[in-house]
Every structure is written in C-alpha cells, then in structure tokens.
Amino acid sequence: GKLSPLPLRTPELAEYSNISKQTYDVAKVQGVLQQLKDEAPEIMLFLKNIECIEVYEWLPGHSEPTCTFTCAVSNPSPELAHHRSMFARCSIASGNAASADTRLAVPPQGSTFLMNLRVTRHGDSMDSVHRTFLVSQLKGGGTSAELAANLTQQFGVPLVPWAAVAAEITPATCPLSKDKSEGTEHSHNTAAGTQARGRAYCFLPLPVLTGLPVHVNAFFELSSNRRDIWYGADMSGLGAARAQWNAALLRHVATDAYISLLEAAKTHLGPSLAYASLWPSQGASATHWQDLVSALYERVGPKPLVYTLKAAGSNEEEPPFPPWLPPSACLLPDEAVQRSPTLGRALAKLGVPLLGLP
C-alpha cells in the first residue's frame, strides 16, 4: 500500500509554509476521496495486481475507522491474474533480450478477457453496482517491435510495443437480487449514449477523452505535464521520436487489440445496438486518435465482424450466407431499405448481404 498524506493546512498556515501554499480542509479531503470513489472502476481497469480499493473514514467517537466504499474485482482467479500481469512478463522479457534482433524475433502476443467489478457504497444500507469490462491486450511485433528496438537505444530505456483496449459491456438493464438486510444490487447502466466517453490511459487514466467508444491503454510517451500523450507532426529530435512512437502504438498495436476486442464482443453481445456502439465514428476524435480509427477501418475489411439484416432480428428463413460477414462482402443499405424492413428482409431472402445498421 501507499500512504499519501494530505496535510490539513489552514489558509493562515499555508501563507507562511515553505513547503506548499495549497490548503486542505476537511471538505477538500472529502472531495478528493469522492473523486477517487467515482473513478475507482476506471482506475482499476488496467492495473496489474490490485484487486480492491477501499475508503475508510474515522468518525468522531468511534474507536476504529469505518469502511465507506469498496471497489473490488468480483471474478478473481489465477487465470485472470495471469491475464492482468501479461504486460509485466512482456516488459521483463523485453528488458532481458540480449539484442534488438532478439526482441524482433518474439512474435506478437495477446489475450482477451472479462473483468467484473463490484462497487459498494456502505451506509445504512449497502448499495452495490456490478460492472463488466471486456479487455483485449497485445504486445506487438513487426513494425512496432522494430521501432521499439531502435528507440530503446535512443531513449536509454526499454520500450515495450504494448497496448490494451477495454469496453464496458454491462447489461443496460439486469436487475439482481434485493435483500433488505444486505441492501440493493444492480447493474451499471451502459446505455449507448454513454459509450463514446473512452479515456486514454498510461496504465492509470489520463484526464483525456478520446472520442472513442473504448478505453485505450498503452506504453505511451506522455506530454510534459503528463496529462496527455505526446503527439505532433511539427517536431524534431526526441520530440519527433516520442510522437512517432505513440503513433506506431496506435496504428499497429492498439488497432489490432481493438479488432480482437470486436471479435470477442460479437460473441458476448451478439448482433445488437450494444455491439454496434463499440465501433468508432470517423471524425469524432482528435487527430492523433483518428489515426487509430482510420487504421481500424483499413484492416477490418476481411474480418467477419459485421452482422447482416437477418442477424439483426428477422424471423424469416435463414438467408444463404452467414449472419456475420466481412465488411468487404456486404452492401450498405440505402435510405429506401432502411425505411422499409420488409424490403430489407426480402432482399436478404434473395441472398443480398445487407449490412445490419443500428
């Protein structure tokens, strides 16, 4: 654990302090703890070992502190621990590689897994929320591994071509059991409108919304204030190298992890609005994140990741093609087809693979 003291310093004391002019009263400390509670699930998402965050408050007249909040992994297992520690193993392997050629010889490695979190606010009656995240992670090879080998020598620290993508797939409405003695349990609402608030991570969340419907974590080079990733096309020297590294992570590693996440999500979510909401929109994010979107749509053409109109809900007999097809094998329905479900089903029955749209 880590102890982070926040001194209760009044404005009068802060004025004469040689350490800090920042004041902290009880209300400010409570605000910091409330922010921790609000962000705890996202904080835990890409951590390697931590399985529980708890907040305690020592109330006046009590002999010991009282737990007011818990966020814990609710599906712990050796398999999940193995998934979550994959970056550590890859990082050690990269650091132990004797040469750049050795690092390049290691093939890409990846995995996809579910992580369930239970968020409990303690009080007169406990209120628990269950949230489920689908995570896809990848250590890249090829171009990204080659760049990592070259920049490792330039930066003087071992770089790991690593990225992970996570999407919340908690059912929007899934009431769980209610017991008056234990409080209320329910699932976190993930309506489609909230799905585009993806954040950038460098293992911990950065204060940046990417405009993507997923969270993106990678071994990024960060800006000088450590609030965003380093990017820009008008740089030179180390600045240009850092921007090149981040661009390679997005285009060659995060993109492949994203595709793997979509492949797993179609099994968990099926042809649904929840699945469709995981696809990013062109132009909805900043330029450097748009590079990931462009790379994604360049590569998904041959992947069976889109569903046809039949899969989207028709009760007619099966059309002469699978419900999941590559985008390159589908036709985009025009406005007339979108306005007439009957016409869409008729065309599907004739063997026209129409792309299912939400």
# chains A, B, ... in the order shown; residues from 1 in each chain; ligands from 1
call {"tool": "residues_around", "arguments": {"residues": "stretch 18-21 of chain A", "least_positions_apart": "4", "cutoff": "12 Å", "atoms": "only C-alpha atoms", "output": "JSON, numbers by chain"}}
result
{"A": [6, 7, 8, 9, 10, 11, 12, 13, 14]}
call {"tool": "select_by_dssp", "arguments": {"residues": "stretch 133-168 of chain A", "states": "strand (DSSP E)", "output": "list in words"}}
result
Phe133, Leu134, Val135, Ser136, Gln137, Leu138, Lys139, Trp162, Ala163, Ala164, Val165, Ala166, Ala167 and Glu168 of chain A
call {"tool": "closest_atom_pairs", "arguments": {"of": "stretch 236-302 of chain A", "to": "stretch 110-114 of chain A", "cutoff": "12 Å", "atoms": "only C-alpha atoms", "output": "Markdown table"}}
result
| residue | atom | partner | partner_atom | distance |
| --- | --- | --- | --- | --- |
| A:Val253 | CA | A:Gly110 | CA | 10.2 |
| A:Ala254 | CA | A:Gly110 | CA | 11.2 |
| A:Asp256 | CA | A:Gly110 | CA | 9.6 |
| A:Ala257 | CA | A:Gly110 | CA | 7.8 |
| A:Tyr258 | CA | A:Thr112 | CA | 10.3 |
| A:Ile259 | CA | A:Thr112 | CA | 10.9 |
| A:Ser260 | CA | A:Thr112 | CA | 7.4 |
| A:Leu261 | CA | A:Thr112 | CA | 6.9 |
| A:Leu262 | CA | A:Thr112 | CA | 10.3 |
| A:Glu263 | CA | A:Thr112 | CA | 9.7 |
| A:Ala264 | CA | A:Thr112 | CA | 7.4 |
| A:Ala265 | CA | A:Thr112 | CA | 9.9 |
| A:His268 | CA | A:Leu114 | CA | 10.1 |
call {"tool": "residues_around", "arguments": {"residues": "A:Lys37", "least_positions_apart": "6", "cutoff": "9 Å", "atoms": "only C-alpha atoms", "output": "number ranges by chain"}}
result
A: 53-55, 69-71, 119, 121
call {"tool": "write_last_selection", "arguments": {"atoms": "all heavy atoms", "output": "CSV table (one decimal), in the first residue's frame"}}
result
chain,number,residue,atom,x,y,z
A,53,ILE,N,-10.0,-1.6,-3.9
A,53,ILE,CA,-9.8,-0.3,-3.4
A,53,ILE,C,-10.8,0.0,-2.4
A,53,ILE,O,-12.0,-0.2,-2.6
A,53,ILE,CB,-9.9,0.8,-4.5
A,53,ILE,CG1,-8.7,0.7,-5.5
A,53,ILE,CG2,-9.9,2.2,-3.9
A,53,ILE,CD1,-8.8,1.6,-6.7
A,54,GLU,N,-10.4,0.4,-1.2
A,54,GLU,CA,-11.3,0.7,-0.1
A,54,GLU,C,-11.1,2.1,0.4
A,54,GLU,O,-9.9,2.6,0.5
A,54,GLU,CB,-11.2,-0.3,1.1
A,54,GLU,CG,-11.6,-1.7,0.7
A,54,GLU,CD,-11.4,-2.7,1.8
A,54,GLU,OE1,-10.4,-2.5,2.6
A,54,GLU,OE2,-12.2,-3.7,2.0
A,55,VAL,N,-12.2,2.7,0.9
A,55,VAL,CA,-12.1,4.0,1.5
A,55,VAL,C,-12.6,3.9,2.9
A,55,VAL,O,-13.8,3.4,3.1
A,55,VAL,CB,-12.8,5.1,0.7
A,55,VAL,CG1,-12.8,6.5,1.4
A,55,VAL,CG2,-12.2,5.3,-0.7
A,69,PHE,N,-16.6,2.7,1.3
A,69,PHE,CA,-16.6,2.5,-0.1
A,69,PHE,C,-15.7,1.3,-0.4
A,69,PHE,O,-14.6,1.2,0.1
A,69,PHE,CB,-16.2,3.7,-0.9
A,69,PHE,CG,-16.0,3.5,-2.4
A,69,PHE,CD1,-17.1,3.6,-3.2
A,69,PHE,CD2,-14.8,3.2,-2.9
A,69,PHE,CE1,-17.0,3.4,-4.6
A,69,PHE,CE2,-14.7,3.0,-4.3
A,69,PHE,CZ,-15.8,3.1,-5.1
A,70,THR,N,-16.1,0.4,-1.3
A,70,THR,CA,-15.3,-0.7,-1.8
A,70,THR,C,-15.5,-0.8,-3.3
A,70,THR,O,-16.6,-0.8,-3.8
A,70,THR,CB,-15.6,-2.0,-1.1
A,70,THR,OG1,-15.6,-1.8,0.3
A,70,THR,CG2,-14.7,-3.1,-1.6
A,71,CYS,N,-14.4,-1.0,-4.0
A,71,CYS,CA,-14.4,-1.4,-5.5
A,71,CYS,C,-13.5,-2.6,-5.6
A,71,CYS,O,-12.3,-2.5,-5.4
A,71,CYS,CB,-14.0,-0.2,-6.4
A,71,CYS,SG,-13.9,-0.7,-8.1
A,119,VAL,N,-18.9,-2.5,-7.1
A,119,VAL,CA,-18.7,-1.2,-6.5
A,119,VAL,C,-19.8,-1.1,-5.4
A,119,VAL,O,-21.0,-1.2,-5.7
A,119,VAL,CB,-18.8,0.0,-7.4
A,119,VAL,CG1,-18.6,1.3,-6.7
A,119,VAL,CG2,-17.8,-0.2,-8.6
A,121,ARG,N,-21.1,1.0,-2.0
A,121,ARG,CA,-21.1,2.2,-1.1
A,121,ARG,C,-21.8,1.8,0.2
A,121,ARG,O,-23.0,1.5,0.2
A,121,ARG,CB,-21.9,3.4,-1.8
A,121,ARG,CG,-21.2,3.8,-3.1
A,121,ARG,CD,-21.9,5.0,-3.8
A,121,ARG,NE,-21.2,5.3,-5.0
A,121,ARG,CZ,-20.2,6.1,-5.2
A,121,ARG,NH1,-19.7,6.7,-4.1
A,121,ARG,NH2,-19.6,6.3,-6.4
call {"tool": "atom_distance", "arguments": {"atom1": "atom CA of A:Leu33", "atom2": "atom CA of A:Glu57"}}
result
9.9 Å
call {"tool": "residues_around", "arguments": {"residues": "A:Ser223", "least_positions_apart": "4", "cutoff": "10 Å", "atoms": "only C-alpha atoms", "output": "PyMOL selection string"}}
result
chain A and resi 227-231+239+242-243
call {"tool": "select_by_dssp", "arguments": {"residues": "stretch 116-335 of chain A", "states": "helix (DSSP H, G or I)", "output": "PyMOL selection string"}}
result
chain A and resi 143-155+192-194+237-269+273-276+287-299+327-329+335
call {"tool": "residues_around", "arguments": {"residues": "stretch 150-165 of chain A", "least_positions_apart": "4", "cutoff": "8 Å", "atoms": "only C-alpha atoms", "output": "ChimeraX atom specification"}}
result
/A:87,90-91,94-95,100,135-141,144-146,214-219,241,249-250,253-254,257-258,261
call {"tool": "atom_distance", "arguments": {"atom1": "atom CA of A:Arg299", "atom2": "atom CA of A:Leu331"}}
result
17.5 Å
